[in-house]
file work26.pdb (PDB, C-alpha atoms)
ATOM      1  CA  MET A   1     118.769 118.531  54.936
ATOM      2  CA  LEU A   2     120.554 117.172  57.991
ATOM      3  CA  PRO A   3     119.997 113.483  58.850
ATOM      4  CA  THR A   4     117.511 113.184  61.707
ATOM      5  CA  ILE A   5     118.001 111.316  64.975
ATOM      6  CA  LEU A   6     115.085 110.598  67.319
ATOM      7  CA  VAL A   7     116.074 111.135  70.961
ATOM      8  CA  THR A   8     113.554 109.802  73.461
ATOM      9  CA  GLY A   9     113.913 111.681  76.730
ATOM     10  CA  GLY A  10     115.635 114.405  74.742
ATOM     11  CA  ALA A  11     114.470 117.164  77.093
ATOM     12  CA  GLY A  12     116.076 115.444  80.085
ATOM     13  CA  TYR A  13     119.504 115.791  81.634
ATOM     14  CA  ILE A  14     121.639 113.410  79.568
ATOM     15  CA  GLY A  15     119.302 113.483  76.574
ATOM     16  CA  SER A  16     119.539 117.267  76.134
ATOM     17  CA  HIS A  17     123.338 117.237  76.401
ATOM     18  CA  THR A  18     123.393 114.505  73.766
ATOM     19  CA  CYS A  19     121.108 116.542  71.492
ATOM     20  CA  LYS A  20     123.684 119.325  71.619
ATOM     21  CA  ALA A  21     126.474 116.865  70.790
ATOM     22  CA  LEU A  22     124.435 115.434  67.899
ATOM     23  CA  SER A  23     123.895 118.908  66.481
ATOM     24  CA  GLU A  24     127.602 119.676  66.699
ATOM     25  CA  ALA A  25     128.288 116.398  64.856
ATOM     26  CA  GLY A  26     126.003 117.352  61.954
ATOM     27  CA  TRP A  27     122.719 115.640  62.864
ATOM     28  CA  LEU A  28     119.279 117.090  63.582
ATOM     29  CA  PRO A  29     118.029 115.767  66.938
ATOM     30  CA  VAL A  30     114.265 115.386  67.391
ATOM     31  CA  ALA A  31     113.491 115.269  71.117
ATOM     32  CA  TYR A  32     110.567 113.063  72.145
ATOM     33  CA  ASP A  33     109.619 113.749  75.765
ATOM     34  CA  ASP A  34     106.533 113.939  77.963
ATOM     35  CA  LEU A  35     108.198 116.752  80.003
ATOM     36  CA  SER A  36     107.446 114.987  83.298
ATOM     37  CA  ASN A  37     111.148 115.194  84.160
ATOM     38  CA  GLY A  38     112.534 117.054  81.163
ATOM     39  CA  HIS A  39     112.300 120.752  80.319
ATOM     40  CA  ASP A  40     111.231 122.443  77.109
ATOM     41  CA  TRP A  41     113.948 125.096  77.590
ATOM     42  CA  ALA A  42     116.564 122.334  77.232
ATOM     43  CA  VAL A  43     115.413 121.562  73.669
ATOM     44  CA  ARG A  44     117.459 123.998  71.579
ATOM     45  CA  TRP A  45     119.015 122.050  68.719
ATOM     46  CA  GLY A  46     115.965 120.568  67.019
ATOM     47  CA  PRO A  47     112.189 120.139  67.299
ATOM     48  CA  LEU A  48     110.355 118.881  70.380
ATOM     49  CA  GLU A  49     107.670 116.210  70.049
ATOM     50  CA  VAL A  50     105.672 115.894  73.263
ATOM     51  CA  GLY A  51     104.559 112.340  73.946
ATOM     52  CA  ASP A  52     104.585 109.440  76.396
ATOM     53  CA  ILE A  53     107.164 106.706  75.762
ATOM     54  CA  ARG A  54     104.368 104.157  76.325
ATOM     55  CA  ASP A  55     102.268 105.595  73.473
ATOM     56  CA  ARG A  56     103.049 103.285  70.553
ATOM     57  CA  ASP A  57     100.811 105.084  68.057
ATOM     58  CA  ARG A  58     102.298 108.482  68.864
ATOM     59  CA  LEU A  59     105.793 107.061  68.446
ATOM     60  CA  ILE A  60     104.875 105.595  65.058
ATOM     61  CA  GLU A  61     103.470 108.951  63.989
ATOM     62  CA  VAL A  62     106.647 110.790  65.017
ATOM     63  CA  ILE A  63     108.962 108.256  63.388
ATOM     64  CA  ARG A  64     107.049 108.355  60.109
ATOM     65  CA  ARG A  65     106.965 112.148  60.047
ATOM     66  CA  HIS A  66     110.645 112.737  60.815
ATOM     67  CA  ASN A  67     112.092 109.597  59.202
ATOM     68  CA  PRO A  68     115.090 109.299  61.564
ATOM     69  CA  VAL A  69     118.149 107.290  60.578
ATOM     70  CA  GLY A  70     118.742 106.267  64.197
ATOM     71  CA  ILE A  71     117.245 106.397  67.693
ATOM     72  CA  LEU A  72     118.824 107.231  71.038
ATOM     73  CA  HIS A  73     116.617 105.937  73.862
ATOM     74  CA  PHE A  74     116.931 107.809  77.190
ATOM     75  CA  ALA A  75     113.287 108.011  78.266
ATOM     76  CA  GLY A  76     112.591 106.287  81.574
ATOM     77  CA  LEU A  77     112.635 106.504  85.352
ATOM     78  CA  ILE A  78     116.059 106.523  87.031
ATOM     79  CA  GLU A  79     115.788 106.727  90.831
ATOM     80  CA  ALA A  80     117.007 103.386  92.204
ATOM     81  CA  GLY A  81     115.802 104.118  95.737
ATOM     82  CA  LEU A  82     112.311 105.089  94.586
ATOM     83  CA  SER A  83     112.089 101.941  92.502
ATOM     84  CA  VAL A  84     112.239  99.864  95.684
ATOM     85  CA  THR A  85     108.999 101.418  96.979
ATOM     86  CA  GLU A  86     107.298 101.874  93.578
ATOM     87  CA  PRO A  87     108.512  98.924  91.489
ATOM     88  CA  MET A  88     105.497  98.617  89.198
ATOM     89  CA  ARG A  89     105.838 102.236  88.118
ATOM     90  CA  PHE A  90     109.396 101.521  86.963
ATOM     91  CA  TYR A  91     108.430  98.365  85.097
ATOM     92  CA  ASP A  92     105.542 100.219  83.500
ATOM     93  CA  VAL A  93     107.594 103.150  82.215
ATOM     94  CA  ASN A  94     110.960 101.523  81.593
ATOM     95  CA  VAL A  95     109.899  98.103  80.319
ATOM     96  CA  ARG A  96     106.463  98.727  78.823
ATOM     97  CA  GLY A  97     107.667 102.048  77.438
ATOM     98  CA  THR A  98     110.589 100.415  75.666
ATOM     99  CA  MET A  99     108.290  97.686  74.370
ATOM    100  CA  ALA A 100     106.121 100.391  72.790
ATOM    101  CA  LEU A 101     109.216 101.973  71.235
ATOM    102  CA  LEU A 102     110.429  98.642  69.843
ATOM    103  CA  GLU A 103     106.983  97.934  68.419
ATOM    104  CA  ALA A 104     107.012 101.373  66.775
ATOM    105  CA  ILE A 105     110.433 100.700  65.274
ATOM    106  CA  MET A 106     109.270  97.362  63.870
ATOM    107  CA  ALA A 107     106.118  98.993  62.472
ATOM    108  CA  THR A 108     108.194 101.532  60.535
ATOM    109  CA  ALA A 109     111.796 100.480  59.867
ATOM    110  CA  PRO A 110     114.405  98.598  61.969
ATOM    111  CA  ILE A 111     116.697 101.591  62.358
ATOM    112  CA  PRO A 112     119.719 101.389  64.717
ATOM    113  CA  LEU A 113     119.056 101.923  68.420
ATOM    114  CA  VAL A 114     121.386 103.170  71.166
ATOM    115  CA  PHE A 115     119.947 102.376  74.591
ATOM    116  CA  SER A 116     120.749 104.328  77.742
ATOM    117  CA  SER A 117     121.425 101.487  80.183
ATOM    118  CA  THR A 118     123.142 101.547  83.565
ATOM    119  CA  ALA A 119     125.816  99.987  85.755
ATOM    120  CA  ALA A 120     122.934  99.034  88.056
ATOM    121  CA  VAL A 121     122.496  95.906  85.918
ATOM    122  CA  TYR A 122     125.572  94.508  87.716
ATOM    123  CA  GLY A 123     124.238  94.951  91.248
ATOM    124  CA  THR A 124     126.755  94.483  94.066
ATOM    125  CA  LEU A 125     130.128  94.028  92.401
ATOM    126  CA  GLU A 126     132.001  90.760  92.833
ATOM    127  CA  ARG A 127     135.074  92.437  91.404
ATOM    128  CA  SER A 128     135.979  96.049  90.813
ATOM    129  CA  PRO A 129     136.467  97.685  88.401
ATOM    130  CA  ALA A 130     133.760  95.707  86.585
ATOM    131  CA  ASP A 131     133.871  94.950  82.870
ATOM    132  CA  GLU A 132     131.063  93.719  80.633
ATOM    133  CA  THR A 133     131.674  90.065  81.568
ATOM    134  CA  HIS A 134     130.694  90.728  85.187
ATOM    135  CA  PRO A 135     127.599  88.762  86.313
ATOM    136  CA  LEU A 136     124.332  90.626  85.841
ATOM    137  CA  ALA A 137     122.561  90.636  89.209
ATOM    138  CA  PRO A 138     120.770  93.962  89.806
ATOM    139  CA  VAL A 139     119.668  94.689  93.379
ATOM    140  CA  SER A 140     116.897  97.207  92.633
ATOM    141  CA  PRO A 141     113.780  97.180  90.445
ATOM    142  CA  TYR A 142     115.388 100.058  88.526
ATOM    143  CA  GLY A 143     118.396  97.904  87.646
ATOM    144  CA  ARG A 144     116.190  94.924  86.863
ATOM    145  CA  SER A 145     113.999  97.029  84.572
ATOM    146  CA  LYS A 146     117.059  98.142  82.619
ATOM    147  CA  LEU A 147     118.338  94.582  82.339
ATOM    148  CA  MET A 148     114.922  93.439  81.103
ATOM    149  CA  VAL A 149     115.094  96.100  78.406
ATOM    150  CA  GLU A 150     118.562  94.950  77.331
ATOM    151  CA  GLN A 151     117.229  91.393  77.096
ATOM    152  CA  MET A 152     114.190  92.503  75.062
ATOM    153  CA  ILE A 153     116.406  94.416  72.641
ATOM    154  CA  THR A 154     118.746  91.429  72.288
ATOM    155  CA  ASP A 155     115.845  89.050  71.586
ATOM    156  CA  LEU A 156     114.368  91.399  68.995
ATOM    157  CA  ALA A 157     117.753  91.764  67.328
ATOM    158  CA  HIS A 158     118.019  87.985  66.977
ATOM    159  CA  ALA A 159     114.468  87.717  65.641
ATOM    160  CA  LYS A 160     114.264  90.783  63.388
ATOM    161  CA  GLY A 161     117.792  92.036  62.771
ATOM    162  CA  LEU A 162     117.661  95.191  64.896
ATOM    163  CA  ASN A 163     121.105  96.779  65.282
ATOM    164  CA  TRP A 164     121.733  98.133  68.793
ATOM    165  CA  THR A 165     124.213  99.285  71.403
ATOM    166  CA  ALA A 166     123.520  99.410  75.138
ATOM    167  CA  LEU A 167     125.669 101.914  77.018
ATOM    168  CA  ARG A 168     125.998 100.952  80.683
ATOM    169  CA  TYR A 169     127.199 104.069  82.350
ATOM    170  CA  PHE A 170     128.026 104.634  85.911
ATOM    171  CA  ASN A 171     127.208 107.969  87.615
ATOM    172  CA  ALA A 172     126.400 110.768  85.197
ATOM    173  CA  ALA A 173     127.414 114.126  86.634
ATOM    174  CA  GLY A 174     128.466 117.666  85.782
ATOM    175  CA  ALA A 175     127.000 120.160  83.347
ATOM    176  CA  ASP A 176     127.636 121.578  79.907
ATOM    177  CA  PRO A 177     131.081 123.260  80.086
ATOM    178  CA  GLU A 178     129.681 126.196  78.100
ATOM    179  CA  GLY A 179     126.904 126.716  80.643
ATOM    180  CA  GLU A 180     123.973 126.125  78.292
ATOM    181  CA  LEU A 181     122.613 123.039  80.070
ATOM    182  CA  GLY A 182     122.730 121.435  83.475
ATOM    183  CA  GLU A 183     121.043 119.104  85.912
ATOM    184  CA  ALA A 184     117.584 120.271  86.979
ATOM    185  CA  HIS A 185     115.555 117.390  88.362
ATOM    186  CA  GLN A 186     112.415 118.028  90.409
ATOM    187  CA  PRO A 187     112.843 116.655  92.972
ATOM    188  CA  GLU A 188     116.609 116.375  92.789
ATOM    189  CA  THR A 189     118.025 112.978  93.777
ATOM    190  CA  HIS A 190     121.626 113.050  92.546
ATOM    191  CA  LEU A 191     124.596 113.451  94.844
ATOM    192  CA  ILE A 192     126.488 116.421  93.408
ATOM    193  CA  PRO A 193     123.531 118.763  92.775
ATOM    194  CA  LEU A 194     122.131 117.894  96.205
ATOM    195  CA  ALA A 195     125.428 118.880  97.828
ATOM    196  CA  ILE A 196     125.444 122.084  95.782
ATOM    197  CA  GLU A 197     121.898 122.893  96.910
ATOM    198  CA  VAL A 198     123.185 122.756 100.485
ATOM    199  CA  ALA A 199     126.165 124.943  99.597
ATOM    200  CA  VAL A 200     123.953 127.613  98.026
ATOM    201  CA  GLY A 201     121.487 127.589 100.921
ATOM    202  CA  ARG A 202     118.497 125.837  99.381
ATOM    203  CA  ARG A 203     118.856 122.941 101.842
ATOM    204  CA  SER A 204     120.012 123.045 105.445
ATOM    205  CA  ALA A 205     122.041 119.813 105.299
ATOM    206  CA  PHE A 206     123.109 116.997 103.007
ATOM    207  CA  THR A 207     121.527 113.643 103.895
ATOM    208  CA  LEU A 208     124.154 110.899 103.917
ATOM    209  CA  PHE A 209     122.620 107.428 103.647
ATOM    210  CA  GLY A 210     124.942 105.020 105.405
ATOM    211  CA  LYS A 211     128.407 105.456 106.909
ATOM    212  CA  ASP A 212     129.254 101.794 107.563
ATOM    213  CA  TYR A 213     129.830 100.397 104.071
ATOM    214  CA  ASP A 214     132.904  98.284 103.384
ATOM    215  CA  THR A 215     134.725 101.186 101.727
ATOM    216  CA  PRO A 216     137.724 103.295 102.810
ATOM    217  CA  ASP A 217     135.624 105.935 104.622
ATOM    218  CA  GLY A 218     132.412 103.954 105.124
ATOM    219  CA  THR A 219     130.396 105.782 102.462
ATOM    220  CA  CYS A 220     129.353 104.551  99.024
ATOM    221  CA  VAL A 221     131.924 104.785  96.239
ATOM    222  CA  ARG A 222     130.865 105.703  92.712
ATOM    223  CA  ASP A 223     132.535 106.195  89.335
ATOM    224  CA  PHE A 224     131.476 109.667  88.137
ATOM    225  CA  ILE A 225     131.427 110.358  84.407
ATOM    226  CA  HIS A 226     130.951 113.842  82.980
ATOM    227  CA  VAL A 227     127.698 114.253  81.090
ATOM    228  CA  ALA A 228     129.566 115.791  78.134
ATOM    229  CA  ASP A 229     131.733 112.670  77.893
ATOM    230  CA  LEU A 230     128.586 110.530  77.981
ATOM    231  CA  ALA A 231     126.994 112.581  75.225
ATOM    232  CA  ARG A 232     130.065 112.161  73.038
ATOM    233  CA  ALA A 233     130.004 108.389  73.601
ATOM    234  CA  HIS A 234     126.385 108.215  72.397
ATOM    235  CA  VAL A 235     127.280 110.077  69.217
ATOM    236  CA  LEU A 236     130.201 107.704  68.599
ATOM    237  CA  ALA A 237     128.030 104.645  69.271
ATOM    238  CA  LEU A 238     125.380 105.862  66.851
ATOM    239  CA  GLY A 239     127.921 106.605  64.142
ATOM    240  CA  ARG A 240     129.427 103.153  64.548
ATOM    241  CA  LEU A 241     126.026 101.461  64.127
ATOM    242  CA  LEU A 242     125.231 103.554  61.069
ATOM    243  CA  HIS A 243     128.479 102.340  59.518
ATOM    244  CA  GLY A 244     127.604  98.688  60.068
ATOM    245  CA  GLY A 245     128.990  98.048  63.546
ATOM    246  CA  TRP A 246     127.801  94.929  65.364
ATOM    247  CA  SER A 247     125.464  95.026  68.334
ATOM    248  CA  THR A 248     127.037  95.121  71.790
ATOM    249  CA  ALA A 249     126.891  96.415  75.365
ATOM    250  CA  LEU A 250     129.582  98.784  76.604
ATOM    251  CA  ASN A 251     130.531 100.265  79.958
ATOM    252  CA  LEU A 252     131.157 103.997  80.241
ATOM    253  CA  GLY A 253     133.158 105.192  83.228
ATOM    254  CA  THR A 254     136.556 106.432  84.311
ATOM    255  CA  GLY A 255     137.862 103.434  86.238
ATOM    256  CA  ARG A 256     138.217 105.521  89.382
ATOM    257  CA  GLY A 257     135.733 105.766  92.240
ATOM    258  CA  TYR A 258     135.072 108.590  94.691
ATOM    259  CA  SER A 259     133.243 108.258  97.985
ATOM    260  CA  VAL A 260     130.288 110.402  99.025
ATOM    261  CA  ARG A 261     132.485 112.189 101.557
ATOM    262  CA  GLN A 262     135.107 112.915  98.886
ATOM    263  CA  VAL A 263     132.432 114.451  96.671
ATOM    264  CA  ILE A 264     131.141 116.621  99.521
ATOM    265  CA  LYS A 265     134.687 117.837 100.161
ATOM    266  CA  ALA A 266     135.115 118.675  96.465
ATOM    267  CA  VAL A 267     131.882 120.714  96.508
ATOM    268  CA  GLU A 268     133.124 122.601  99.571
ATOM    269  CA  GLU A 269     136.454 123.351  97.888
ATOM    270  CA  VAL A 270     134.928 124.509  94.603
ATOM    271  CA  SER A 271     132.184 126.589  96.221
ATOM    272  CA  GLY A 272     134.110 127.896  99.227
ATOM    273  CA  ARG A 273     131.105 126.989 101.380
ATOM    274  CA  LYS A 274     130.458 124.428 104.073
ATOM    275  CA  VAL A 275     128.156 121.465 103.376
ATOM    276  CA  PRO A 276     126.655 120.237 106.688
ATOM    277  CA  VAL A 277     125.925 116.494 106.727
ATOM    278  CA  LEU A 278     123.016 114.624 108.345
ATOM    279  CA  VAL A 279     123.703 110.871 108.611
ATOM    280  CA  ARG A 280     120.831 108.431 108.092
ATOM    281  CA  ASP A 281     120.543 104.663 107.706
ATOM    282  CA  ARG A 282     121.454 102.980 104.449
ATOM    283  CA  ARG A 283     118.946 102.992 101.609
ATOM    284  CA  PRO A 284     117.865  99.638 100.154
ATOM    285  CA  GLY A 285     119.255  99.019  96.682
ATOM    286  CA  ASP A 286     122.521 100.967  97.120
ATOM    287  CA  PRO A 287     125.611  98.832  96.348
ATOM    288  CA  PRO A 288     128.745  99.803  98.347
ATOM    289  CA  SER A 289     130.923 100.436  95.279
ATOM    290  CA  LEU A 290     130.399 100.800  91.531
ATOM    291  CA  VAL A 291     133.518 101.390  89.447
ATOM    292  CA  SER A 292     133.836 100.730  85.729
ATOM    293  CA  ASN A 293     136.315  99.009  83.503
ATOM    294  CA  SER A 294     135.645 100.783  80.195
ATOM    295  CA  ASP A 295     138.474  99.315  78.116
ATOM    296  CA  ARG A 296     135.996  97.810  75.676
ATOM    297  CA  ALA A 297     134.403 101.194  74.933
ATOM    298  CA  HIS A 298     137.866 102.654  74.376
ATOM    299  CA  LYS A 299     138.620  99.911  71.866
ATOM    300  CA  VAL A 300     135.244  99.670  70.106
ATOM    301  CA  LEU A 301     134.290 103.366  70.006
ATOM    302  CA  GLY A 302     137.679 105.052  70.236
ATOM    303  CA  TRP A 303     136.213 106.824  73.267
ATOM    304  CA  ALA A 304     137.866 108.006  76.446
ATOM    305  CA  PRO A 305     136.621 110.476  79.068
ATOM    306  CA  ILE A 306     138.311 113.842  78.724
ATOM    307  CA  ARG A 307     136.473 115.986  81.287
ATOM    308  CA  SER A 308     135.625 113.498  84.008
ATOM    309  CA  GLY A 309     138.036 114.430  86.768
ATOM    310  CA  LEU A 310     136.075 115.137  89.935
ATOM    311  CA  ASP A 311     137.232 118.765  90.096
ATOM    312  CA  ASP A 312     136.048 119.475  86.525
ATOM    313  CA  ILE A 313     132.732 117.720  87.121
ATOM    314  CA  VAL A 314     132.020 119.645  90.312
ATOM    315  CA  ALA A 315     133.223 122.948  88.858
ATOM    316  CA  ASP A 316     130.926 122.660  85.827
ATOM    317  CA  ALA A 317     127.997 121.617  88.021
ATOM    318  CA  TRP A 318     128.688 124.508  90.404
ATOM    319  CA  ASN A 319     128.911 127.047  87.555
ATOM    320  CA  TRP A 320     125.549 125.868  86.211
ATOM    321  CA  ASN A 321     123.709 125.602  89.506
ATOM    322  CA  SER A 322     125.085 128.772  91.080
ATOM    323  CA  ARG A 323     123.628 130.752  88.179
ATOM    324  CA  HIS A 324     120.178 129.403  88.970
ATOM    325  CA  PHE A 325     120.131 129.515  92.766
ATOM    326  CA  GLU A 326     120.235 132.376  95.212
ATOM    327  CA  ILE A 327     123.510 131.979  97.137
ATOM    328  CA  LYS A 328     123.336 132.718 100.856
ATOM    329  CA  GLU A 329     126.892 133.821 101.554
ATOM    330  CA  ALA A 330     126.911 134.257 105.336
ATOM    331  CA  ARG A 331     125.221 131.017 106.204
ATOM    332  CA  HIS A 332     127.491 128.797 104.168
ATOM    333  CA  ALA A 333     130.877 130.443 104.292
ATOM    334  CA  LEU A 334     133.483 127.667 104.495
ATOM    335  CA  GLY A 335     135.196 127.469 107.869
TER     336      GLY A 335
END

call {"tool": "encode", "arguments": {"input": "work26.pdb", "output": "structure tokens"}}
result
Amino acid sequence: MLPTILVTGGAGYIGSHTCKALSEAGWLPVAYDDLSNGHDWAVRWGPLEVGDIRDRDRLIEVIRRHNPVGILHFAGLIEAGLSVTEPMRFYDVNVRGTMALLEAIMATAPIPLVFSSTAAVYGTLERSPADETHPLAPVSPYGRSKLMVEQMITDLAHAKGLNWTALRYFNAAGADPEGELGEAHQPETHLIPLAIEVAVGRRSAFTLFGKDYDTPDGTCVRDFIHVADLARAHVLALGRLLHGGWSTALNLGTGRGYSVRQVIKAVEEVSGRKVPVLVRDRRPGDPPSLVSNSDRAHKVLGWAPIRSGLDDIVADAWNWNSRHFEIKEARHALG
């Protein structure tokens, strides 16, 4: 029998890609998901257990039945802008949900945990690229909820010996290069798929929030990391913990940032279609620039991004999304 890994949020975007990577590495992923944002069709490499991350008893039941040797924790809410208007919802799901998971782990066995964290724990960068020594000063309830979870995990590790790794990644993007999985949020909030929805005719224009940031072209700059590279990093982090690696937090990024306007241009070039832009005011909770220094992950995990150039990211996302959307050729012909 293959060793089992519990993947909370395993029917979601990054979780499902990581389930595929786990399967390819010789593990059996068990996806635990309430399907509020995930999709049952994305669970292909192991069983699906439907459940709420806040349901401690259900988590205990699943852990005891499948006896996983490790846990990858993706389940949670991710929209930084929404967290500003609905903060308690984010603390409820992200913080209380993780508390239920940690209680379930302690009630069964203190198996290693890899936590899906975020660069949002850094807030507005004092220096860029940012490494793991950068001050932790999140500017949104989303970022604060993730930092609270990191602190809870650290405290539990000191008290009970839990082995963990927190992966602070920057902007997940792209789709499975083989076309089996992709980004399918409802509603969609991420930059690249939103631009693609405009290119294929599902939206009339791309909404650009802010054009007066202190960046080269006035729009936010982000470090985009291919979802397949992220999935591989989670597998490496899990393997390291299972072989006795110490607990730590690691950045995952490329060290290069692209502006919103650069991403829109890349979508236009890959798709051959125009992406009209509608400029709005800045959103609260959006730092001007987030770029990673991931040297520590390279050293500790032996990991480096291999498919995270912007052209590859956009091309994979376009290939996935264009298969699922009706493309309106005349309306969006480039030029």

call {"tool": "atom_distance", "arguments": {"input": "work26.pdb", "atom1": "atom CA of A:Ala119", "atom2": "atom CA of A:Glu150"}}
result
12.2 Å

call {"tool": "residues_around", "arguments": {"input": "work26.pdb", "residues": "A:Leu72", "least_positions_apart": "3", "cutoff": "6 Å", "atoms": "all atoms listed in the file", "output": "compact mmCIF listing (two decimals) with C-alpha atoms, in the coordinates of the input"}}
result
# COMPACT_ATOMS: atom_id res chain seq x y z
CA VAL A 7 116.07 111.14 70.96
CA LEU A 113 119.06 101.92 68.42
CA VAL A 114 121.39 103.17 71.17

call {"tool": "residues_around", "arguments": {"input": "work26.pdb", "residues": "stretch 286-290 of chain A", "least_positions_apart": "3", "cutoff": "6 Å", "atoms": "all atoms listed in the file", "output": "list in words"}}
result
Thr124, Tyr213, Cys220, Val221 and Arg222 of chain A

call {"tool": "closest_residue", "arguments": {"input": "work26.pdb", "among": "A:Val314, A:Ile153, A:Val198, A:Leu77", "to": "A:Phe224", "atoms": "only C-alpha atoms"}}
result
A:Val314

call {"tool": "closest_atom_pairs", "arguments": {"input": "work26.pdb", "of": "stretch 90-110 of chain A", "to": "stretch 31-55 of chain A", "cutoff": "7 Å", "atoms": "all atoms listed in the file", "output": "tab-separated table"}}
result
residue	atom	partner	partner_atom	distance
A:Val93	CA	A:Arg54	CA	6.8
A:Arg96	CA	A:Arg54	CA	6.3
A:Gly97	CA	A:Arg54	CA	4.1
A:Ala100	CA	A:Arg54	CA	5.5
A:Leu101	CA	A:Ile53	CA	6.9

call {"tool": "residues_around", "arguments": {"input": "work26.pdb", "residues": "A:Ala315", "least_positions_apart": "4", "cutoff": "7 Å", "atoms": "all atoms listed in the file", "output": "list in words"}}
result
Val270, Asp311 and Asn319 of chain A

call {"tool": "write_last_selection", "arguments": {"input": "work26.pdb", "atoms": "C-alpha atoms", "output": "PDB file, keeping the file's coordinate frame"}}
result
ATOM      1  CA  VAL A 270     134.928 124.509  94.603  1.00  0.00           C
ATOM      2  CA  ASP A 311     137.232 118.765  90.096  1.00  0.00           C
ATOM      3  CA  ASN A 319     128.911 127.047  87.555  1.00  0.00           C
TER       4      ASN A 319
END

call {"tool": "closest_residue", "arguments": {"input": "work26.pdb", "among": "A:Trp164, A:Ala233, A:Ala173, A:Tyr91", "to": "A:Leu22", "atoms": "all atoms listed in the file"}}
result
A:Ala233

call {"tool": "atom_distance", "arguments": {"input": "work26.pdb", "atom1": "atom CA of A:Pro135", "atom2": "atom CA of A:Met148"}}
result
14.5 Å

call {"tool": "closest_residue", "arguments": {"input": "work26.pdb", "among": "A:Gln262, A:Thr85, A:Thr165, A:Ser128", "to": "A:Leu242", "atoms": "all atoms listed in the file"}}
result
A:Thr165

call {"tool": "residues_around", "arguments": {"input": "work26.pdb", "residues": "A:Ser204", "least_positions_apart": "4", "cutoff": "12 Å", "atoms": "only C-alpha atoms", "output": "PDB file with C-alpha atoms, in the coordinates of the input"}}
result
ATOM      1  CA  LEU A 194     122.131 117.894  96.205  1.00  0.00           C
ATOM      2  CA  ALA A 195     125.428 118.880  97.828  1.00  0.00           C
ATOM      3  CA  ILE A 196     125.444 122.084  95.782  1.00  0.00           C
ATOM      4  CA  GLU A 197     121.898 122.893  96.910  1.00  0.00           C
ATOM      5  CA  VAL A 198     123.185 122.756 100.485  1.00  0.00           C
ATOM      6  CA  ALA A 199     126.165 124.943  99.597  1.00  0.00           C
ATOM      7  CA  VAL A 200     123.953 127.613  98.026  1.00  0.00           C
ATOM      8  CA  LYS A 274     130.458 124.428 104.073  1.00  0.00           C
ATOM      9  CA  VAL A 275     128.156 121.465 103.376  1.00  0.00           C
ATOM     10  CA  PRO A 276     126.655 120.237 106.688  1.00  0.00           C
ATOM     11  CA  VAL A 277     125.925 116.494 106.727  1.00  0.00           C
ATOM     12  CA  LEU A 278     123.016 114.624 108.345  1.00  0.00           C
ATOM     13  CA  LYS A 328     123.336 132.718 100.856  1.00  0.00           C
ATOM     14  CA  ARG A 331     125.221 131.017 106.204  1.00  0.00           C
ATOM     15  CA  HIS A 332     127.491 128.797 104.168  1.00  0.00           C
TER      16      HIS A 332
END

call {"tool": "closest_residue", "arguments": {"input": "work26.pdb", "among": "A:Ala228, A:Ala297, A:Ala130, A:Leu310", "to": "A:Ile192", "atoms": "all atoms listed in the file"}}
result
A:Leu310

call {"tool": "closest_residue", "arguments": {"input": "work26.pdb", "among": "A:Glu132, A:Asp217, A:Asp155, A:Asp212", "to": "A:Arg280", "atoms": "all atoms listed in the file"}}
result
A:Asp212

call {"tool": "closest_residue", "arguments": {"input": "work26.pdb", "among": "A:Val279, A:Ala237, A:Val62, A:Ala231", "to": "A:Val260", "atoms": "all atoms listed in the file"}}
result
A:Val279

call {"tool": "resolve_selection", "arguments": {"input": "work26.pdb", "expression": "the PyMOL selection byres ((chain A and resi 163) around 10)", "output": "list in words"}}
result
Gly70, Pro110, Ile111, Pro112, Leu113, Val114, Ile153, Thr154, Leu156, Ala157, His158, Lys160, Gly161, Leu162, Trp164, Thr165, Leu241, Leu242, Gly244, Gly245, Trp246, Ser247 and Thr248 of chain A

call {"tool": "residues_around", "arguments": {"input": "work26.pdb", "residues": "A:Arg283", "least_positions_apart": "3", "cutoff": "8 Å", "atoms": "only C-alpha atoms", "output": "list in words"}}
result
Gly81, Phe209, Gly210 and Asp286 of chain A
